[in-house]
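J.: So here's entry30.pdb, just PDB, C-alpha atoms:
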ATOM      1  CA  MET A  18       9.304 -10.353 -21.015  1.00  0.00           C
ATOM      2  CA  ASP A  19       7.095 -13.420 -20.894  1.00  0.00           C
ATOM      3  CA  ILE A  20       6.865 -15.538 -17.750  1.00  0.00           C
ATOM      4  CA  LYS A  21       8.729 -18.549 -19.175  1.00  0.00           C
ATOM      5  CA  THR A  22      11.675 -16.435 -20.358  1.00  0.00           C
ATOM      6  CA  GLU A  23      11.701 -14.659 -17.019  1.00  0.00           C
ATOM      7  CA  GLN A  24      11.842 -17.978 -15.161  1.00  0.00           C
ATOM      8  CA  GLN A  25      14.811 -19.091 -17.260  1.00  0.00           C
ATOM      9  CA  ILE A  26      16.645 -15.813 -16.651  1.00  0.00           C
ATOM     10  CA  VAL A  27      15.965 -15.975 -12.904  1.00  0.00           C
ATOM     11  CA  GLU A  28      17.325 -19.513 -12.693  1.00  0.00           C
ATOM     12  CA  ALA A  29      20.386 -18.538 -14.748  1.00  0.00           C
ATOM     13  CA  ALA A  30      20.937 -15.457 -12.574  1.00  0.00           C
ATOM     14  CA  LYS A  31      21.484 -17.657  -9.536  1.00  0.00           C
ATOM     15  CA  THR A  32      24.866 -18.633 -10.974  1.00  0.00           C
ATOM     16  CA  ASN A  33      25.457 -16.047 -13.692  1.00  0.00           C
ATOM     17  CA  HIS A  34      25.854 -12.360 -12.842  1.00  0.00           C
ATOM     18  CA  ALA A  35      25.189 -11.302 -16.451  1.00  0.00           C
ATOM     19  CA  ALA A  36      21.750 -12.911 -16.262  1.00  0.00           C
ATOM     20  CA  PHE A  37      20.992 -10.877 -13.144  1.00  0.00           C
ATOM     21  CA  GLY A  38      22.008  -7.837 -15.178  1.00  0.00           C
ATOM     22  CA  LYS A  39      19.168  -8.627 -17.590  1.00  0.00           C
ATOM     23  CA  LEU A  40      16.710  -8.663 -14.683  1.00  0.00           C
ATOM     24  CA  PHE A  41      18.189  -5.419 -13.403  1.00  0.00           C
ATOM     25  CA  ASP A  42      17.862  -3.756 -16.815  1.00  0.00           C
ATOM     26  CA  ALA A  43      14.297  -4.995 -17.213  1.00  0.00           C
ATOM     27  CA  TYR A  44      12.993  -3.937 -13.791  1.00  0.00           C
ATOM     28  CA  TYR A  45      15.170  -1.071 -12.555  1.00  0.00           C
ATOM     29  CA  PRO A  46      13.115   1.684 -14.235  1.00  0.00           C
ATOM     30  CA  ARG A  47       9.794   0.412 -12.845  1.00  0.00           C
ATOM     31  CA  ILE A  48      11.110  -0.200  -9.341  1.00  0.00           C
ATOM     32  CA  SER A  49      12.928   3.140  -9.180  1.00  0.00           C
ATOM     33  CA  GLN A  50       9.806   5.006 -10.325  1.00  0.00           C
ATOM     34  CA  TYR A  51       7.699   3.179  -7.742  1.00  0.00           C
ATOM     35  CA  VAL A  52      10.158   4.066  -4.978  1.00  0.00           C
ATOM     36  CA  LEU A  53      10.421   7.682  -6.164  1.00  0.00           C
ATOM     37  CA  ARG A  54       6.657   8.059  -6.148  1.00  0.00           C
ATOM     38  CA  ARG A  55       6.455   6.630  -2.652  1.00  0.00           C
ATOM     39  CA  VAL A  56       9.349   8.636  -1.198  1.00  0.00           C
ATOM     40  CA  GLY A  57       9.005  11.846  -3.191  1.00  0.00           C
ATOM     41  CA  GLU A  58      12.726  12.666  -3.189  1.00  0.00           C
ATOM     42  CA  VAL A  59      15.267  11.634  -5.829  1.00  0.00           C
ATOM     43  CA  ALA A  60      18.374  10.945  -3.712  1.00  0.00           C
ATOM     44  CA  PRO A  61      16.693   8.704  -1.117  1.00  0.00           C
ATOM     45  CA  ALA A  62      14.757   6.951  -3.894  1.00  0.00           C
ATOM     46  CA  GLN A  63      17.992   6.142  -5.724  1.00  0.00           C
ATOM     47  CA  ASP A  64      19.557   4.828  -2.526  1.00  0.00           C
ATOM     48  CA  ILE A  65      16.530   2.696  -1.704  1.00  0.00           C
ATOM     49  CA  THR A  66      16.355   1.302  -5.236  1.00  0.00           C
ATOM     50  CA  SER A  67      20.021   0.330  -5.030  1.00  0.00           C
ATOM     51  CA  VAL A  68      19.348  -1.473  -1.763  1.00  0.00           C
ATOM     52  CA  VAL A  69      16.371  -3.278  -3.340  1.00  0.00           C
ATOM     53  CA  PHE A  70      18.508  -4.717  -6.130  1.00  0.00           C
ATOM     54  CA  LEU A  71      21.395  -5.487  -3.786  1.00  0.00           C
ATOM     55  CA  LYS A  72      19.046  -7.440  -1.521  1.00  0.00           C
ATOM     56  CA  ALA A  73      17.498  -9.175  -4.525  1.00  0.00           C
ATOM     57  CA  TRP A  74      20.930 -10.178  -5.791  1.00  0.00           C
ATOM     58  CA  GLN A  75      22.043 -11.358  -2.335  1.00  0.00           C
ATOM     59  CA  GLY A  76      18.824 -13.291  -1.722  1.00  0.00           C
ATOM     60  CA  LEU A  77      18.399 -14.706  -5.209  1.00  0.00           C
ATOM     61  CA  HIS A  78      19.729 -18.108  -4.138  1.00  0.00           C
ATOM     62  CA  THR A  79      16.740 -18.410  -1.762  1.00  0.00           C
ATOM     63  CA  TYR A  80      14.200 -17.286  -4.364  1.00  0.00           C
ATOM     64  CA  GLU A  81      11.804 -20.058  -5.365  1.00  0.00           C
ATOM     65  CA  TRP A  82       9.886 -19.804  -8.613  1.00  0.00           C
ATOM     66  CA  ARG A  83       6.175 -20.131  -7.896  1.00  0.00           C
ATOM     67  CA  GLY A  84       4.774 -19.004 -11.219  1.00  0.00           C
ATOM     68  CA  LEU A  85       4.549 -15.376 -10.067  1.00  0.00           C
ATOM     69  CA  PRO A  86       6.314 -12.568 -11.908  1.00  0.00           C
ATOM     70  CA  PHE A  87       9.788 -11.825 -10.559  1.00  0.00           C
ATOM     71  CA  SER A  88       8.690  -8.199 -10.316  1.00  0.00           C
ATOM     72  CA  ALA A  89       6.250  -9.149  -7.522  1.00  0.00           C
ATOM     73  CA  TRP A  90       9.228 -10.149  -5.380  1.00  0.00           C
ATOM     74  CA  LEU A  91      11.069  -6.923  -6.281  1.00  0.00           C
ATOM     75  CA  TYR A  92       8.037  -4.785  -5.444  1.00  0.00           C
ATOM     76  CA  ARG A  93       7.717  -6.552  -2.100  1.00  0.00           C
ATOM     77  CA  ILE A  94      11.372  -5.831  -1.294  1.00  0.00           C
ATOM     78  CA  ALA A  95      10.912  -2.225  -2.462  1.00  0.00           C
ATOM     79  CA  GLY A  96       7.802  -1.763  -0.319  1.00  0.00           C
ATOM     80  CA  ASN A  97       9.621  -3.094   2.719  1.00  0.00           C
ATOM     81  CA  GLU A  98      12.592  -0.789   2.100  1.00  0.00           C
ATOM     82  CA  VAL A  99      10.364   2.270   1.669  1.00  0.00           C
ATOM     83  CA  ASN A 100       8.510   1.423   4.871  1.00  0.00           C
ATOM     84  CA  SER A 101      11.841   0.975   6.663  1.00  0.00           C
ATOM     85  CA  TYR A 102      13.027   4.335   5.309  1.00  0.00           C
ATOM     86  CA  PHE A 103       9.995   6.098   6.762  1.00  0.00           C
ATOM     87  CA  ARG A 104      10.317   4.298  10.086  1.00  0.00           C
ATOM     88  CA  HIS A 105      13.978   5.218  10.500  1.00  0.00           C
ATOM     89  CA  ARG A 106      14.068   8.617   8.825  1.00  0.00           C
ATOM     90  CA  LYS A 107      15.351  11.319  11.106  1.00  0.00           C
ATOM     91  CA  LEU A 108      15.071  14.971  10.272  1.00  0.00           C
ATOM     92  CA  TRP A 109      17.901  17.004  11.715  1.00  0.00           C
ATOM     93  CA  PRO A 110      17.358  20.747  11.796  1.00  0.00           C
ATOM     94  CA  ILE A 111      20.306  22.784  10.625  1.00  0.00           C
ATOM     95  CA  SER A 112      21.038  26.412  11.252  1.00  0.00           C
ATOM     96  CA  LEU A 113      21.375  28.693   8.236  1.00  0.00           C
ATOM     97  CA  ASP A 114      24.255  30.384  10.085  1.00  0.00           C
ATOM     98  CA  ALA A 115      26.010  27.023  10.356  1.00  0.00           C
ATOM     99  CA  LEU A 116      25.521  26.437   6.635  1.00  0.00           C
ATOM    100  CA  PHE A 117      27.083  29.802   5.872  1.00  0.00           C
ATOM    101  CA  GLU A 118      30.041  29.140   8.168  1.00  0.00           C
ATOM    102  CA  GLU A 119      30.686  25.607   6.896  1.00  0.00           C
ATOM    103  CA  VAL A 120      30.167  25.952   3.153  1.00  0.00           C
ATOM    104  CA  GLY A 121      29.498  29.612   2.469  1.00  0.00           C
ATOM    105  CA  PHE A 122      25.798  29.037   1.766  1.00  0.00           C
ATOM    106  CA  GLU A 123      23.714  32.205   1.682  1.00  0.00           C
ATOM    107  CA  LEU A 124      20.069  32.721   0.939  1.00  0.00           C
ATOM    108  CA  ALA A 125      19.367  34.528  -2.304  1.00  0.00           C
ATOM    109  CA  ASP A 126      18.053  38.066  -1.968  1.00  0.00           C
ATOM    110  CA  ASP A 127      14.320  38.758  -2.367  1.00  0.00           C
ATOM    111  CA  ARG A 128      14.652  39.674  -6.051  1.00  0.00           C
ATOM    112  CA  ASP A 129      16.185  36.257  -6.918  1.00  0.00           C
ATOM    113  CA  ILE A 130      13.492  34.393  -5.046  1.00  0.00           C
ATOM    114  CA  GLU A 131      10.776  36.439  -6.726  1.00  0.00           C
ATOM    115  CA  GLN A 132      12.231  35.802 -10.187  1.00  0.00           C
ATOM    116  CA  GLU A 133      12.508  32.073  -9.491  1.00  0.00           C
ATOM    117  CA  CYS A 134       8.896  31.941  -8.317  1.00  0.00           C
ATOM    118  CA  ILE A 135       7.694  33.666 -11.471  1.00  0.00           C
ATOM    119  CA  ALA A 136       9.768  31.395 -13.720  1.00  0.00           C
ATOM    120  CA  TYR A 137       8.457  28.193 -12.139  1.00  0.00           C
ATOM    121  CA  GLU A 138       4.877  29.277 -11.534  1.00  0.00           C
ATOM    122  CA  ASP A 139       3.512  27.588 -14.646  1.00  0.00           C
ATOM    123  CA  GLU A 140       5.315  24.330 -13.956  1.00  0.00           C
ATOM    124  CA  LEU A 141       4.265  24.290 -10.328  1.00  0.00           C
ATOM    125  CA  ALA A 142       0.648  24.928 -11.231  1.00  0.00           C
ATOM    126  CA  ARG A 143       0.610  21.736 -13.317  1.00  0.00           C
ATOM    127  CA  HIS A 144       2.007  19.674 -10.451  1.00  0.00           C
ATOM    128  CA  GLN A 145       0.120  21.129  -7.485  1.00  0.00           C
ATOM    129  CA  ASP A 146      -2.571  18.499  -7.421  1.00  0.00           C
ATOM    130  CA  PHE A 147      -0.047  15.662  -7.760  1.00  0.00           C
ATOM    131  CA  VAL A 148       2.046  17.054  -4.916  1.00  0.00           C
ATOM    132  CA  ALA A 149      -1.027  17.546  -2.745  1.00  0.00           C
ATOM    133  CA  VAL A 150      -2.152  13.966  -3.335  1.00  0.00           C
ATOM    134  CA  GLN A 151       1.358  12.682  -2.660  1.00  0.00           C
ATOM    135  CA  GLN A 152       1.519  14.579   0.639  1.00  0.00           C
ATOM    136  CA  ILE A 153      -1.882  13.278   1.620  1.00  0.00           C
ATOM    137  CA  MET A 154      -0.743   9.740   0.793  1.00  0.00           C
ATOM    138  CA  LEU A 155       2.360  10.146   2.963  1.00  0.00           C
ATOM    139  CA  GLY A 156       0.026  10.937   5.852  1.00  0.00           C
ATOM    140  CA  LEU A 157      -1.933   7.728   5.379  1.00  0.00           C
ATOM    141  CA  HIS A 158      -1.182   4.466   7.127  1.00  0.00           C
ATOM    142  CA  ILE A 159       1.469   2.424   5.287  1.00  0.00           C
ATOM    143  CA  LYS A 160      -1.058  -0.259   4.297  1.00  0.00           C
ATOM    144  CA  TYR A 161      -3.010   2.323   2.287  1.00  0.00           C
ATOM    145  CA  GLN A 162       0.115   3.928   0.818  1.00  0.00           C
ATOM    146  CA  GLU A 163       1.281   0.592  -0.581  1.00  0.00           C
ATOM    147  CA  VAL A 164      -1.933  -0.378  -2.313  1.00  0.00           C
ATOM    148  CA  LEU A 165      -2.623   3.113  -3.662  1.00  0.00           C
ATOM    149  CA  ALA A 166       0.913   3.492  -5.042  1.00  0.00           C
ATOM    150  CA  LEU A 167       0.841   0.071  -6.697  1.00  0.00           C
ATOM    151  CA  ARG A 168      -2.631   0.605  -8.145  1.00  0.00           C
ATOM    152  CA  PHE A 169      -2.460   4.213  -9.320  1.00  0.00           C
ATOM    153  CA  PHE A 170       1.240   4.902  -9.847  1.00  0.00           C
ATOM    154  CA  GLU A 171       2.289   1.468 -11.077  1.00  0.00           C
ATOM    155  CA  ARG A 172      -1.090   0.689 -12.665  1.00  0.00           C
ATOM    156  CA  MET A 173      -1.073  -2.861 -11.330  1.00  0.00           C
ATOM    157  CA  PRO A 174      -4.217  -4.952 -11.431  1.00  0.00           C
ATOM    158  CA  ILE A 175      -5.687  -5.951  -8.083  1.00  0.00           C
ATOM    159  CA  LYS A 176      -4.621  -9.570  -8.545  1.00  0.00           C
ATOM    160  CA  GLN A 177      -0.956  -8.578  -8.937  1.00  0.00           C
ATOM    161  CA  ILE A 178      -1.131  -6.192  -5.960  1.00  0.00           C
ATOM    162  CA  ALA A 179      -2.452  -9.082  -3.895  1.00  0.00           C
ATOM    163  CA  LEU A 180       0.535 -11.178  -4.981  1.00  0.00           C
ATOM    164  CA  VAL A 181       3.055  -8.419  -4.248  1.00  0.00           C
ATOM    165  CA  LEU A 182       1.645  -7.688  -0.793  1.00  0.00           C
ATOM    166  CA  ASN A 183       0.755 -11.292  -0.005  1.00  0.00           C
ATOM    167  CA  LYS A 184      -2.852 -10.329   0.737  1.00  0.00           C
ATOM    168  CA  LYS A 185      -6.216 -11.579  -0.473  1.00  0.00           C
ATOM    169  CA  GLU A 186      -7.783  -9.753  -3.411  1.00  0.00           C
ATOM    170  CA  ASN A 187     -10.798  -8.692  -1.337  1.00  0.00           C
ATOM    171  CA  THR A 188      -8.452  -7.231   1.279  1.00  0.00           C
ATOM    172  CA  VAL A 189      -6.677  -5.248  -1.427  1.00  0.00           C
ATOM    173  CA  LYS A 190     -10.031  -3.985  -2.760  1.00  0.00           C
ATOM    174  CA  SER A 191     -11.053  -2.931   0.732  1.00  0.00           C
ATOM    175  CA  LEU A 192      -7.743  -1.151   1.358  1.00  0.00           C
ATOM    176  CA  LEU A 193      -8.029   0.608  -2.010  1.00  0.00           C
ATOM    177  CA  LYS A 194     -11.563   1.765  -1.259  1.00  0.00           C
ATOM    178  CA  ARG A 195     -10.734   3.071   2.222  1.00  0.00           C
ATOM    179  CA  GLY A 196      -7.447   4.643   1.131  1.00  0.00           C
ATOM    180  CA  THR A 197      -9.063   6.335  -1.871  1.00  0.00           C
ATOM    181  CA  GLU A 198     -11.867   7.678   0.310  1.00  0.00           C
ATOM    182  CA  GLN A 199      -9.303   9.159   2.730  1.00  0.00           C
ATOM    183  CA  VAL A 200      -7.332  10.775  -0.100  1.00  0.00           C
ATOM    184  CA  ILE A 201     -10.479  12.258  -1.674  1.00  0.00           C
ATOM    185  CA  ARG A 202     -11.738  13.561   1.661  1.00  0.00           C
ATOM    186  CA  ASN A 203      -8.379  15.132   2.574  1.00  0.00           C
ATOM    187  CA  PHE A 204      -7.902  16.546  -0.934  1.00  0.00           C
ATOM    188  CA  SER A 205     -11.371  18.137  -0.865  1.00  0.00           C
ATOM    189  CA  GLU A 206     -10.627  19.664   2.539  1.00  0.00           C
ATOM    190  CA  ARG A 207      -7.359  21.153   1.225  1.00  0.00           C
ATOM    191  CA  LYS A 208      -9.078  22.582  -1.856  1.00  0.00           C
ATOM    192  CA  ALA A 209     -11.754  24.152   0.351  1.00  0.00           C
ATOM    193  CA  LEU A 210      -9.107  26.090   2.275  1.00  0.00           C
TER     194      LEU A 210
END
What's the structure tokens form of this structure?

T.:
Amino acid sequence: MDIKTEQQIVEAAKTNHAAFGKLFDAYYPRISQYVLRRVGEVAPAQDITSVVFLKAWQGLHTYEWRGLPFSAWLYRIAGNEVNSYFRHRKLWPISLDALFEEVGFELADDRDIEQECIAYEDELARHQDFVAVQQIMLGLHIKYQEVLALRFFERMPIKQIALVLNKKENTVKSLLKRGTEQVIRNFSERKAL
């Protein structure tokens, strides 16, 4: 969608819910993929993406067109929601005995686990490097996670990343360089093990 059409749809969406639906349809796939790549889990990513569009819809009346793509605003909301998710995420350990008592959950016997491992071995081999990089990224400071995800997962140019994160282009370049160096160093260390 070109910038002029987008501006018209954004202005119409302030009073017309169907127009917001067009924005939702246009940007939901990109935003949900960005969130999924940042979070790494489908259910939380879906929840976060829903919150992003709810907040966008609720705050649309305050949105001022400044010649920037509407997606920059959505990515900023999404980044904030992902960061909030990681800040507030609590992991609660659960007993396997409690799972069995509450819902009848039992671990599969060794033969089932072995068969599952064999069946998925090829698929897992293709994704090992991606998973390793994603885990390394989750261990980085949020400022590096954001720029790396936008640059390499969303394939955004540096100028657009600067707009989304409200940072100078040189700052984005610096964050990309340092973040990439950390990922490469950590990835090399993992491979050496």

J.: Restricting the calculation to all atoms listed in the file, which member of A:Ala60, A:Ala35, A:Leu193, A:Ala30 is positioned closest to Gln75 in chain A?

T.: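 The shortest atom-to-atom distance to Gln75 in chain A comes from A:Ala30.
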
J.: When you look at Asn97 in chain A with a cut-off of 12 Å (counting all atoms listed in the file), what residues show up, excluding the ones that are within fewer than 2 positions of it in the same chain? I need them as a ChimeraX atom specification.

T.: /A:52,55,65-66,68-69,72,90-95,99-104,159-160,162-163,181-182

J.: Go ahead and dump the residues you just picked, C-alpha atoms, as an mmCIF file, in the frame of the given file.

T.:
data_model
loop_
_atom_site.group_PDB
_atom_site.id
_atom_site.type_symbol
_atom_site.label_atom_id
_atom_site.label_comp_id
_atom_site.auth_asym_id
_atom_site.auth_seq_id
_atom_site.Cartn_x
_atom_site.Cartn_y
_atom_site.Cartn_z
ATOM 1 C CA VAL A 52 10.158 4.066 -4.978
ATOM 2 C CA ARG A 55 6.455 6.630 -2.652
ATOM 3 C CA ILE A 65 16.530 2.696 -1.704
ATOM 4 C CA THR A 66 16.355 1.302 -5.236
ATOM 5 C CA VAL A 68 19.348 -1.473 -1.763
ATOM 6 C CA VAL A 69 16.371 -3.278 -3.340
ATOM 7 C CA LYS A 72 19.046 -7.440 -1.521
ATOM 8 C CA TRP A 90 9.228 -10.149 -5.380
ATOM 9 C CA LEU A 91 11.069 -6.923 -6.281
ATOM 10 C CA TYR A 92 8.037 -4.785 -5.444
ATOM 11 C CA ARG A 93 7.717 -6.552 -2.100
ATOM 12 C CA ILE A 94 11.372 -5.831 -1.294
ATOM 13 C CA ALA A 95 10.912 -2.225 -2.462
ATOM 14 C CA VAL A 99 10.364 2.270 1.669
ATOM 15 C CA ASN A 100 8.510 1.423 4.871
ATOM 16 C CA SER A 101 11.841 0.975 6.663
ATOM 17 C CA TYR A 102 13.027 4.335 5.309
ATOM 18 C CA PHE A 103 9.995 6.098 6.762
ATOM 19 C CA ARG A 104 10.317 4.298 10.086
ATOM 20 C CA ILE A 159 1.469 2.424 5.287
ATOM 21 C CA LYS A 160 -1.058 -0.259 4.297
ATOM 22 C CA GLN A 162 0.115 3.928 0.818
ATOM 23 C CA GLU A 163 1.281 0.592 -0.581
ATOM 24 C CA VAL A 181 3.055 -8.419 -4.248
ATOM 25 C CA LEU A 182 1.645 -7.688 -0.793
#

J.: Nearest residue to Asp146 in chain A out of A:Ile26, A:Val189, A:Ile201, A:Ala179, using only C-alpha atoms?

T.: A:Ile201

J.: I'd like the residues picked by the PyMOL selection byres ((chain A and resi 165) around 10) written out as a ChimeraX atom specification, using the chain letters and numbers from the file.

T.: /A:55,154,159-164,166-173,178,189,192-194,196-197,200

J.: Using all atoms listed in the file, can you tell me which of A:Glu198, A:Glu23, A:Glu206, A:Glu186 comes closest to Arg83 in chain A?

T.: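 Closest to Arg83 in chain A of all the choices is A:Glu23.
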
J.: Would you please work out which residue, of A:Leu210, A:Asn203, A:Gln152, A:Leu157, is nearest to Glu58 in chain A when using only C-alpha atoms?

T.: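 The closest residue to Glu58 in chain A is A:Gln152.
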
J.: Find the distance between CA of His34 in chain A and CA of Glu81 in chain A and write it in Å to one decimal.

T.: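 About the pair CA of His34 in chain A and CA of Glu81 in chain A: they are 17.7 Å apart.
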
J.: Have a look at CA of Phe70 in chain A and CA of Val56 in chain A and let me know their distance in Å, one decimal.

T.: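 Separation between CA of Phe70 in chain A and CA of Val56 in chain A: 16.9 Å.
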
J.: Any idea what the distance is between CA of Gln177 in chain A and CA of Ile20 in chain A?

T.: 13.7 Å
